[in-house]
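Trainee: My file is final02.tsv. It has TSV, C-alpha atoms:
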```
chain	number	residue	atom	x	y	z
A	941	MET	CA	-3.57	-13.14	38.47
A	942	PRO	CA	-5.39	-9.84	37.81
A	943	ASP	CA	-9.08	-10.09	36.94
A	944	ASN	CA	-8.54	-8.70	33.44
A	945	ALA	CA	-6.09	-11.53	32.65
A	946	ARG	CA	-8.76	-14.22	33.06
A	947	PRO	CA	-11.27	-15.34	30.44
A	948	PRO	CA	-13.62	-14.32	29.04
A	949	PHE	CA	-11.55	-11.75	27.19
A	950	ARG	CA	-13.22	-9.02	25.20
A	951	ALA	CA	-12.31	-9.51	21.55
A	952	ASP	CA	-13.12	-7.55	18.46
A	953	HIS	CA	-12.22	-8.11	14.86
A	954	VAL	CA	-11.62	-5.26	12.42
A	955	GLY	CA	-12.12	-6.87	9.04
A	956	SER	CA	-9.80	-9.00	6.95
A	957	PHE	CA	-9.48	-12.75	7.00
A	958	LEU	CA	-7.18	-14.79	4.78
A	959	ARG	CA	-8.94	-15.51	1.51
A	960	PRO	CA	-9.93	-19.14	0.93
A	961	GLN	CA	-8.22	-20.87	-2.00
A	962	ALA	CA	-11.43	-21.01	-4.07
A	963	LEU	CA	-11.79	-17.23	-3.78
A	964	LEU	CA	-8.15	-16.60	-4.69
A	965	GLU	CA	-8.55	-18.79	-7.75
A	966	ALA	CA	-11.79	-17.08	-8.77
A	967	ARG	CA	-10.17	-13.63	-8.45
A	968	GLU	CA	-7.31	-14.78	-10.67
A	969	ARG	CA	-9.75	-16.21	-13.20
A	970	ARG	CA	-11.68	-12.94	-13.19
A	971	ARG	CA	-8.46	-10.98	-13.70
A	972	LYS	CA	-7.80	-13.14	-16.78
A	973	GLU	CA	-11.44	-12.61	-17.89
A	974	GLU	CA	-12.12	-16.35	-17.70
A	975	ILE	CA	-15.20	-15.77	-15.54
A	976	SER	CA	-17.71	-12.94	-15.29
A	977	ALA	CA	-18.09	-10.46	-12.45
A	978	ALA	CA	-21.34	-12.24	-11.54
A	979	GLN	CA	-19.53	-15.58	-11.31
A	980	LEU	CA	-16.87	-14.05	-9.07
A	981	ARG	CA	-19.60	-12.57	-6.89
A	982	GLU	CA	-21.13	-16.06	-6.46
A	983	VAL	CA	-17.79	-17.35	-5.15
A	984	GLU	CA	-17.48	-14.29	-2.89
A	985	ASP	CA	-21.01	-14.89	-1.58
A	986	ARG	CA	-20.23	-18.52	-0.70
A	987	SER	CA	-16.96	-17.51	0.96
A	988	ILE	CA	-18.68	-14.74	2.94
A	989	ARG	CA	-21.42	-17.07	4.15
A	990	GLU	CA	-18.74	-19.44	5.44
A	991	ILE	CA	-16.63	-16.80	7.20
A	992	VAL	CA	-19.74	-15.31	8.81
A	993	ARG	CA	-20.75	-18.76	10.05
A	994	LEU	CA	-17.27	-19.29	11.53
A	995	GLN	CA	-17.24	-15.90	13.28
A	996	GLU	CA	-20.64	-16.61	14.81
A	997	GLU	CA	-19.49	-20.08	15.93
A	998	TRP	CA	-16.47	-18.42	17.57
A	999	GLY	CA	-18.89	-16.23	19.52
A	1000	LEU	CA	-18.00	-12.88	17.94
A	1001	GLN	CA	-20.83	-10.38	18.38
A	1002	GLY	CA	-19.75	-8.23	15.43
A	1003	VAL	CA	-19.08	-10.07	12.18
A	1004	THR	CA	-17.51	-8.96	8.91
A	1005	ASP	CA	-17.52	-10.26	5.38
A	1006	GLY	CA	-13.80	-10.91	5.80
A	1007	GLU	CA	-13.26	-8.11	3.27
A	1008	TYR	CA	-13.56	-10.86	0.68
A	1009	ARG	CA	-14.81	-8.45	-1.96
A	1010	ARG	CA	-11.80	-6.16	-1.52
A	1011	THR	CA	-8.37	-6.44	-3.07
A	1012	TYR	CA	-6.90	-4.05	-0.49
A	1013	PHE	CA	-8.75	-3.10	2.67
A	1014	HIS	CA	-8.52	0.62	1.92
A	1015	VAL	CA	-8.03	1.11	-1.83
A	1016	ASP	CA	-11.25	-0.54	-3.00
A	1017	PHE	CA	-13.18	1.74	-0.66
A	1018	LEU	CA	-11.33	5.04	-1.09
A	1019	GLU	CA	-11.03	4.88	-4.88
A	1020	GLN	CA	-14.80	5.24	-5.03
A	1021	LEU	CA	-14.56	8.80	-3.73
A	1022	GLU	CA	-14.68	11.48	-6.40
A	1023	GLY	CA	-11.24	13.05	-6.67
A	1024	VAL	CA	-9.24	9.87	-6.03
A	1025	GLU	CA	-7.16	8.08	-8.66
A	1026	VAL	CA	-5.09	4.96	-8.18
A	1027	ARG	CA	-1.78	4.92	-10.03
A	1028	GLY	CA	1.33	2.78	-10.10
A	1029	GLY	CA	2.76	1.23	-7.04
A	1030	ILE	CA	5.69	1.19	-4.70
A	1031	ALA	CA	7.81	-1.84	-5.52
A	1032	ALA	CA	8.61	-4.10	-2.61
A	1033	LYS	CA	10.01	-7.60	-2.33
A	1034	PHE	CA	9.26	-10.11	0.38
A	1035	HIS	CA	11.05	-13.36	1.03
A	1036	GLY	CA	9.13	-16.32	2.36
A	1037	ALA	CA	9.27	-20.10	2.55
A	1038	LYS	CA	8.01	-20.36	-1.04
A	1039	GLY	CA	10.57	-17.87	-2.36
A	1040	ASP	CA	10.58	-14.20	-3.23
A	1041	VAL	CA	7.36	-12.30	-3.80
A	1042	ASP	CA	7.33	-9.06	-5.76
A	1043	PHE	CA	4.66	-6.70	-4.53
A	1044	ALA	CA	3.68	-3.21	-5.67
A	1045	PRO	CA	0.78	-1.83	-3.63
A	1046	PRO	CA	-0.97	0.98	-5.48
A	1047	VAL	CA	-0.60	4.64	-4.62
A	1048	MET	CA	-3.72	6.78	-4.37
A	1049	HIS	CA	-3.64	10.34	-5.62
A	1050	VAL	CA	-6.06	13.08	-4.65
A	1051	THR	CA	-6.49	14.90	-7.95
A	1052	ARG	CA	-9.30	17.30	-7.00
A	1053	ARG	CA	-11.57	18.12	-4.05
A	1054	LEU	CA	-12.88	14.96	-2.45
A	1055	ARG	CA	-16.57	14.17	-2.63
A	1056	HIS	CA	-18.70	11.24	-1.59
A	1057	VAL	CA	-21.09	11.03	-4.55
A	1058	LYS	CA	-22.35	7.43	-4.51
A	1059	PRO	CA	-22.94	4.64	-2.03
A	1060	ILE	CA	-19.77	2.77	-1.16
A	1061	GLN	CA	-20.21	-0.89	-0.27
A	1062	LEU	CA	-23.94	-0.51	0.30
A	1063	GLU	CA	-24.85	-3.67	-1.64
A	1064	ASP	CA	-21.98	-5.55	0.02
A	1065	PHE	CA	-23.26	-4.50	3.45
A	1066	LYS	CA	-26.82	-5.48	2.57
A	1067	PHE	CA	-25.61	-8.95	1.62
A	1068	LEU	CA	-23.59	-9.28	4.83
A	1069	LYS	CA	-26.58	-8.19	6.89
A	1070	SER	CA	-28.78	-10.76	5.12
A	1071	VAL	CA	-26.51	-13.68	6.09
A	1072	ALA	CA	-25.43	-12.56	9.58
A	1073	ARG	CA	-27.32	-13.34	12.77
A	1074	ARG	CA	-24.98	-11.10	14.78
A	1075	THR	CA	-24.12	-7.43	14.25
A	1076	PRO	CA	-22.71	-6.90	10.73
A	1077	LYS	CA	-19.85	-4.46	10.43
A	1078	VAL	CA	-17.69	-3.01	7.69
A	1079	THR	CA	-14.21	-1.56	7.91
A	1080	ILE	CA	-14.07	2.03	6.75
A	1081	PRO	CA	-10.51	3.21	6.11
A	1082	SER	CA	-9.45	6.53	7.52
A	1083	PRO	CA	-8.83	9.50	5.23
A	1084	THR	CA	-5.15	9.35	6.20
A	1085	MET	CA	-4.87	6.27	3.98
A	1086	LEU	CA	-5.17	8.63	1.00
A	1087	HIS	CA	-1.65	9.93	1.60
A	1088	PHE	CA	-0.25	6.87	3.33
A	1089	ARG	CA	2.09	5.92	0.48
A	1090	GLY	CA	2.25	9.11	-1.59
A	1091	GLY	CA	2.60	11.82	1.03
A	1092	ARG	CA	2.06	15.46	0.11
A	1093	GLU	CA	3.00	14.78	-3.52
A	1094	ALA	CA	-0.09	12.58	-3.88
A	1095	ILE	CA	-2.44	15.40	-2.85
A	1096	SER	CA	-3.29	18.06	-5.41
A	1097	LYS	CA	-1.87	21.43	-4.37
A	1098	GLU	CA	-4.55	23.09	-6.51
A	1099	ALA	CA	-7.38	21.30	-4.72
A	1100	TYR	CA	-5.76	21.51	-1.28
A	1101	PRO	CA	-3.17	24.31	-1.13
A	1102	ASN	CA	-3.45	24.15	2.64
A	1103	LEU	CA	-3.31	20.63	4.06
A	1104	GLU	CA	-5.52	21.66	6.97
A	1105	GLN	CA	-8.43	21.72	4.50
A	1106	PHE	CA	-7.58	18.17	3.45
A	1107	TYR	CA	-7.44	16.85	7.00
```
Please express the file's structure as structure tokens.

Mentor:
Amino acid sequence: MPDNARPPFRADHVGSFLRPQALLEARERRRKEEISAAQLREVEDRSIREIVRLQEEWGLQGVTDGEYRRTYFHVDFLEQLEGVEVRGGIAAKFHGAKGDVDFAPPVMHVTRRLRHVKPIQLEDFKFLKSVARRTPKVTIPSPTMLHFRGGREAISKEAYPNLEQFY
């Protein structure tokens, strides 16, 4: 057996974990305006503390917040850039053990020149850092995610007549 096939293996985790049921329920209640944003954040905080604890128990050196404050790993981040709008979705249907699931992930549109004008996830990172004993880390989506679903038609030709400027 080659040396690199024996433990300990180097492992790294990039971000998302499955959301716990309590968090899924709280997000749904927030969507229906049954709870406040602050109440949702309390549930997120509890869920993040738990997932951080688990990652540290597993021995991971870099820990994430599980992306528990995000709906989509990339949209919640990128829509905070000036010049990005989220519109519609691409309809998809999945079939699973519990039946069919209709899904329409949103499409981001670059409507003008992109600018980073405010902190993105700074408070979320500060919270993660405050509860982690290991190295806290956050997933930052690549700019290519801005045209992932919409292609050239989702990028303003006025703002970026030449795609080289966009990339």

Trainee: Can you measure atom CA of Phe1106 of chain A to atom CA of Leu1054 of chain A for me? One decimal in Å is fine.

Mentor: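 Between these atoms lies a distance of 8.6 Å.
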
Trainee: Return the single residue from A:Ile1095, A:Val1071, A:Met1085, A:Leu964 that is closest to Thr1011 of chain A, with distances computed using all atoms listed in the file.

Mentor: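 Of all the options, A:Leu964 lies closest to Thr1011 of chain A.
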
Trainee: When you look at Phe1043 of chain A with a cut-off of 12 Å (counting all atoms listed in the file), what residues show up, excluding the ones that are within fewer than 4 positions of it in the same chain? I need them as a list in words.

Mentor: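 Contacts, with the query itself left out: Gly1028, Gly1029, Ile1030, Ala1031, Ala1032, Lys1033, Phe1034 and His1035 of chain A.
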
Trainee: Counting all atoms listed in the file, figure out which residue out of A:His953, A:His1056, A:Lys972, A:Lys1038 gets nearest to Pro1076 of chain A.

Mentor: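 Nearest to Pro1076 of chain A: A:His953.
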
Trainee: Considering all atoms listed in the file, return as a count of residues only whatever protein or nucleic-acid residues lie within 12 Å of segment 977-988 of chain A, sequence-local ones (same chain, fewer than 6 positions apart) excluded.

Mentor: 38

Trainee: Between atom CA of Gln1001 of chain A and atom CA of Gln1020 of chain A, what is the distance in Å, rounded to a tenth?

Mentor: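 Atom CA of Gln1020 of chain A lies 28.8 Å from atom CA of Gln1001 of chain A.
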
Trainee: Using only C-alpha atoms, find the one residue out of A:Leu1018, A:Val1026, A:Val992, A:Val1078 that sits nearest to Arg1055 of chain A.

Mentor: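 For Arg1055 of chain A, the nearest of the given residues is A:Leu1018.
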
Trainee: Calculate how many Å separate atom CA of Pro1046 of chain A from atom CA of Glu1093 of chain A, rounding to one decimal.

Mentor: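 Here the two named atoms are 14.5 Å from each other.
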
Trainee: With distances taken over all atoms listed in the file, which of A:Gln1105, A:Gly1090, A:Ile1080, A:Asp1016 is nearest to Val1047 of chain A?

Mentor: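 Closest residue, counting all atoms listed in the file: A:Gly1090.
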
Trainee: Of the candidates A:Leu1086, A:Arg1073, A:Arg1027, A:Val1015, which shows the shortest atom-to-atom distance to Arg989 of chain A, using all atoms listed in the file?

Mentor: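 Once distances to Arg989 of chain A are computed over all atoms listed in the file, the minimum belongs to A:Arg1073.
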